[in-house]
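Some notes on the structure that comes next.
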Amino acid sequence: MAGVRRFNTSGTQRQAATGAGRLRPWLAAVLLAVLLSAPVAKAAAEATYQWRNVAIGGGGFVTGLLFHPHQEGLQYARTDIGGAYRWEPAQQRWQPLLDWMDANDHGRFGVDSMAVDPSDPQRLYLAAGTYLHARGSNGVILRSHDQGSSFQRTELPFKFGGNELGRANGERLAVDPNDGYVLLFGTRANGIWRSADGGVTWSELASFPSIAKSSAATAQGWNGAQAIGVVFINFEPDSGRRGNGSRTVYAGVSTQQPSLYRSDDAGASWQALPGQPAGLRPNHMVRDALGRWLISYGDQPGPNTMNNGAVWRFDPRDATWTDITPVAQSSDLQGDGFGWGAVAVDPQDPQRIIASTFNRFAPHDDIYRSVDGGRSWTALSVRSDFDHSYAPWTAEAHPHWLGVLAIDPHDPGHLQFVTGYGLWDTRDLRRFDAGGRLGWRFPLAGFEETVPLALLSPPQGAHLVSGLGDIDGFVHDDLDTPPQRFAGVRFSNTESLAYAGQAPQRMVRSGFFHDRPGGAVRAAWSDDGGHHWTAFASEPADGEGAGQITLAADGRRVIWHTRKGGHWLSADLGGRWQAVKGLPKTAVVAADRIEPALYYGFDAGSGALYVSGDGGVEFQQTQGDAGAVGEWYRAEIHPDPWRSGQVWVAAGWRGLLRWSPGRLQRVPGVDNVQSVGLGKPARDGAAAVLFVYGDIAGKRGLYRSDNGGRRWTRIDNDGQRFAGQIRHVTGDTRIHGRVYFGTEGRGIWYGEPQ
């Protein structure tokens with residue numbers, strides 16, 4: 001492409017990978033050449049970069065929506081792995097609130113609950129913590145006095161579950177509307193905790209029944225039983241007055257045993273509500289203008305499954321219960337039944353209610369509307385139009401996981417519902433009530449919750465191609481505009497991408513299907529820079545999953561490293577496969593960008609580097625290695641796009657490794673490398689720019705070097721840490737200084753020096 005030179009250090013004609021030949025004489029000479037002098041790494045001052053999300057729009061599960069009851073336009077959203085956001089009405093976009101979190105907060109970017117102080121719109125509280133398992137971090141309560149612009153924290157001695165079962169239930173965290181210093185937090189396995197000083201200190205309410213901690217308040221997930229516990233807390237505002245806290249509090253426990261409890265003495269004692277429905281778990285409880293409570297139920301907490309459910313109304317004035325379920329289980333034409341994911345009510349009119357189905361296979365999940373207090377219902381889908389113009393890829397994404405509904409207390413015509421990939425918004429609810437149609441939009445500007453699994457910046461075509469979890473992948477012709485998804489073969493996850501160094505319009509990718517249709521092949525190829533894809537003819541004998549795939553410099557041969565550890569070579573896009581010789585199962589593989597016959601492998605377990613000069617048929621270990629370490633780490637290996645025979649390896653606590661030419665060496669001063677990317681050199685013939693995420697001089701950060709690792713400049717900053725986890729660092733091959741990287745729940749970022 002114009003303006004880009006490729007350097008071939010041999011000065012000889014390139015060799016095609018056409019068999020099991022030996023290393024060419026020039027290459028053998030390169031491998032035995034004198035070792036280049038080792039660079040001396042030095043940390044330098046921070047550089048100023050401008051950072052932006054690569055626009056995709058949503059892409060993950062929004063697990064909570066919260067309008068402030070008294071300040072118009074103030075709204076928050078929480079997610080299962082992507083932090084929390086505040087809506088900015090003037091800019092018509094979402095502002096992320098937790099990007100300041102760094103690696104020390106890894107495991108706290110899922111938000112299990114949130115709350116606002118009804119009497120003070122400046123105050124916001126977040127219960128941040130993602131997983132309950134042994135590797136999860138203890139949860140923290142984050143409290144803000146400036147609507148999320150800054151936070152203080154209190155760590156609690158147990159884990160939260162922002163990405164566990166029941167994550168769209170809620171809210172577990174509540175502020176007393178009559179005393180803003182009092183908060184209650186319903187935990188997953190530790191009962192109810194109380195704060196009397198605005199969230200600074202917390203203690204357990206020992207009075208709450210033990211059912212919240214028992215096995216009855218758990219559910220079976222894909223990785224075993226998970227604690228669900230207390231799923232919502234609601235204060236009765238009429239049971240107190242300003243400055244004199246509420247006396248009546250409701251709590252819901254995710255159990256099919258008696259699940260709804262009330263305290264009339266501010267939590268000193270609790271009783272199960274008499275006459276409550278049995279055999280179902282509550283997930284949401286909302287109050288109408290008459291002081292009655294509406295509760296949605298499912299037999300499971302969601303989101304993985306829910307096969308039964310109902311919607312009930314409780315009137316505390318006479319302790320009566322009324323079943324107002326919109327449609328019967330028989331309306332699920334194909335599935336095993338369905339539940340009700342959420343319920344909401346017009347704060348100004350108790351007759352106007354909405355409720356969402358959950359896990360209803362056919363005809364589909366839907367939202368039902370009643371304007372007569374639940375006596376009759378109409379499905380919103382009968383008169384709905386969806387505008388996909390902001391994020392075109394959503395046209396193929398069916399709404400699912402409708403676990404949260406929110407009606408704007410300042411505009412009863414304004415309704416939102418969440419899905420597993422974002423949220424939809426309409427302001428036409430009153431028009432629908434009058435017989436008109438609903439116009440839905442996808443208002444996700446600034447809201448990025450994808451999990452990138454692979455990134456490429458090829459020397460031709462779009463500057464960025466991405467592989468993502470759950471929504472496959474994209475060619476980003478414009479980084480600031482959400483694109484269409486890959487055409488042709490579709491995966492749930494695209495987990496590996498590669499391009500041919502000398503024919504970059506040819507690409508390959510490997511992926512994963514949540515539901516694998518008809519034994520579909522989990523690899524595909526493209527000849528137009530990733531826009532359109534065709535499936536490989538077959539998989540290797542031990543395929544089983546995506547694994548990692550790489551492509552020779554001329555685009556003729558692929559090596560597929562399967563999840564089971566096999567390395568397989570094909571010269572006809574999967575028509576035939578042969579086992580690669582000489583590599584351990586744990587070795588990652590990459591093709592040289594210049595020479596088609598040349599491949600590299602690196603084994604994180606032993607620290608050894610392997611080379612093949614016969615088109616990938618057989619590998620041999622090179623002289624020297626990085627030394628074995630006790631902890632296994634999945635390394636990254638990146639050949640230099642401009643120089644044959646040069647390889648960089650991100651090897652975790654082994655640091656940054658360089659192979660050039662003929663020996664593997666560690667770059668001094670780089671203590672730990674999680675990811676490395678190579679970008680366009682500052683000038684023709686200069687070293688590729690290196691971008692590293694890791695530890696240099698004892699400081700974790702994102703670093704850049706323009707001279708092969710001799711000197712480093714930190715390019716992130718303490719106020720912008722990208723939610724604590726940077727992955728898949730990739731330099732732009734055509735724009736000097738530009739870098740891309742992925743995060744665990746905050747999408748793809750790109751940065752350029754200012």
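We name chains A, B, ... following the order of the structure tokens; residues begin at 1 in each chain, and ligands are numbered from 1 as shown.
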Test item: residues at most 7 Å from A:Ala553, only C-alpha atoms, excluding those fewer than 3 positions along its chain, as a PyMOL selection string: chain A and resi 500-503+591-596
Selection: 6 Å around A:Leu656, only C-alpha atoms, excl. self and same-chain fewer than 6 positions, as an MDAnalysis selection string: chainID A and resid 649:650 666:667 673
Could those residues be written to a file, using all heavy atoms, as a compact mmCIF listing (two decimals), in the first residue's frame?
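Final file, part-v6.txt:
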# COMPACT_ATOMS: atom_id res chain seq x y z
N VAL A 649 8.07 -11.71 22.15
CA VAL A 649 7.21 -12.59 22.94
C VAL A 649 6.86 -11.90 24.25
O VAL A 649 7.75 -11.46 24.99
CB VAL A 649 7.90 -13.94 23.24
CG1 VAL A 649 6.96 -14.84 24.05
CG2 VAL A 649 8.32 -14.63 21.95
N ALA A 650 5.56 -11.79 24.53
CA ALA A 650 5.09 -11.36 25.84
C ALA A 650 4.95 -12.61 26.69
O ALA A 650 4.09 -13.45 26.42
CB ALA A 650 3.75 -10.63 25.72
N ARG A 666 16.06 -11.90 26.91
CA ARG A 666 15.10 -11.09 27.65
C ARG A 666 15.53 -9.63 27.61
O ARG A 666 16.71 -9.31 27.78
CB ARG A 666 15.02 -11.57 29.09
CG ARG A 666 14.06 -10.75 29.95
CD ARG A 666 13.80 -11.39 31.29
NE ARG A 666 12.86 -10.60 32.08
CZ ARG A 666 12.24 -11.04 33.17
NH1 ARG A 666 12.46 -12.27 33.59
NH2 ARG A 666 11.40 -10.26 33.84
N VAL A 667 14.57 -8.74 27.37
CA VAL A 667 14.86 -7.31 27.37
C VAL A 667 15.01 -6.85 28.81
O VAL A 667 14.07 -6.97 29.60
CB VAL A 667 13.73 -6.52 26.67
CG1 VAL A 667 13.98 -5.02 26.76
CG2 VAL A 667 13.61 -6.95 25.22
N VAL A 673 5.23 -8.81 31.42
CA VAL A 673 4.53 -8.38 30.21
C VAL A 673 3.29 -9.24 30.01
O VAL A 673 3.40 -10.46 29.84
CB VAL A 673 5.44 -8.45 28.97
CG1 VAL A 673 4.65 -8.07 27.73
CG2 VAL A 673 6.63 -7.52 29.13
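Proximity of A:Gln351, A:Gln725, A:Gln226, A:Ser210 to A:Ala289, computed with only C-alpha atoms, is greatest for A:Gln351.
Closest approach to A:His463 among A:Ala342, A:Ile353, A:Val739, A:Ala134 is made by A:Val739 (distances from only C-alpha atoms).
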Atom-to-atom span, atom CA of A:Phe61 and atom CA of A:Asp472, Å: 15.5 Å
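With distances restricted to only C-alpha atoms, A:His414 is the closest residue to A:Val345 from A:Arg643, A:Phe361, A:Asp318, A:His414.
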Spatial neighbours of stretch 122-124 of chain A, max dist 7 Å, only C-alpha atoms, sep filter under 2 positions, as a list in words: Ala115, Val116, Asp117, Asp120, Leu126, Arg143, Ser144, His145, Asp146, Gln147 and Gly148 of chain A
Residues from the last selection, N, CA and C atoms, saved as an mmCIF file, in the first residue's frame:
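This is the output file part.cif:
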data_model
loop_
_atom_site.group_PDB
_atom_site.id
_atom_site.type_symbol
_atom_site.label_atom_id
_atom_site.label_comp_id
_atom_site.auth_asym_id
_atom_site.auth_seq_id
_atom_site.Cartn_x
_atom_site.Cartn_y
_atom_site.Cartn_z
ATOM 1 N N ALA A 115 -27.437 2.248 44.012
ATOM 2 C CA ALA A 115 -28.506 2.970 44.699
ATOM 3 C C ALA A 115 -28.211 4.457 44.651
ATOM 4 N N VAL A 116 -29.269 5.256 44.660
ATOM 5 C CA VAL A 116 -29.154 6.705 44.788
ATOM 6 C C VAL A 116 -29.851 7.127 46.071
ATOM 7 N N ASP A 117 -29.470 8.289 46.575
ATOM 8 C CA ASP A 117 -30.146 8.881 47.720
ATOM 9 C C ASP A 117 -31.284 9.741 47.187
ATOM 10 N N ASP A 120 -30.856 13.431 47.981
ATOM 11 C CA ASP A 120 -29.640 14.127 47.571
ATOM 12 C C ASP A 120 -29.176 13.564 46.225
ATOM 13 N N LEU A 126 -22.394 2.183 44.672
ATOM 14 C CA LEU A 126 -22.221 1.003 43.828
ATOM 15 C C LEU A 126 -21.653 -0.136 44.663
ATOM 16 N N ARG A 143 -18.833 4.862 47.101
ATOM 17 C CA ARG A 143 -19.768 5.945 47.399
ATOM 18 C C ARG A 143 -19.251 7.233 46.778
ATOM 19 N N SER A 144 -20.165 7.965 46.161
ATOM 20 C CA SER A 144 -19.817 9.201 45.469
ATOM 21 C C SER A 144 -20.716 10.320 45.950
ATOM 22 N N HIS A 145 -20.121 11.508 46.113
ATOM 23 C CA HIS A 145 -20.870 12.715 46.471
ATOM 24 C C HIS A 145 -20.976 13.671 45.299
ATOM 25 N N ASP A 146 -20.586 13.203 44.095
ATOM 26 C CA ASP A 146 -20.640 14.067 42.914
ATOM 27 C C ASP A 146 -21.132 13.303 41.691
ATOM 28 N N GLN A 147 -22.135 12.466 41.891
ATOM 29 C CA GLN A 147 -22.795 11.730 40.805
ATOM 30 C C GLN A 147 -21.839 10.814 40.040
ATOM 31 N N GLY A 148 -20.846 10.283 40.741
ATOM 32 C CA GLY A 148 -19.956 9.304 40.131
ATOM 33 C C GLY A 148 -18.705 9.869 39.505
#
DSSP-assigned strand (DSSP E) members of stretch 598-725 of chain A, reported as a ChimeraX atom specification: /A:599-603,608-612,620-625,636-639,647-650,656-659,664-666,670-679,689-696,699-705,711-714
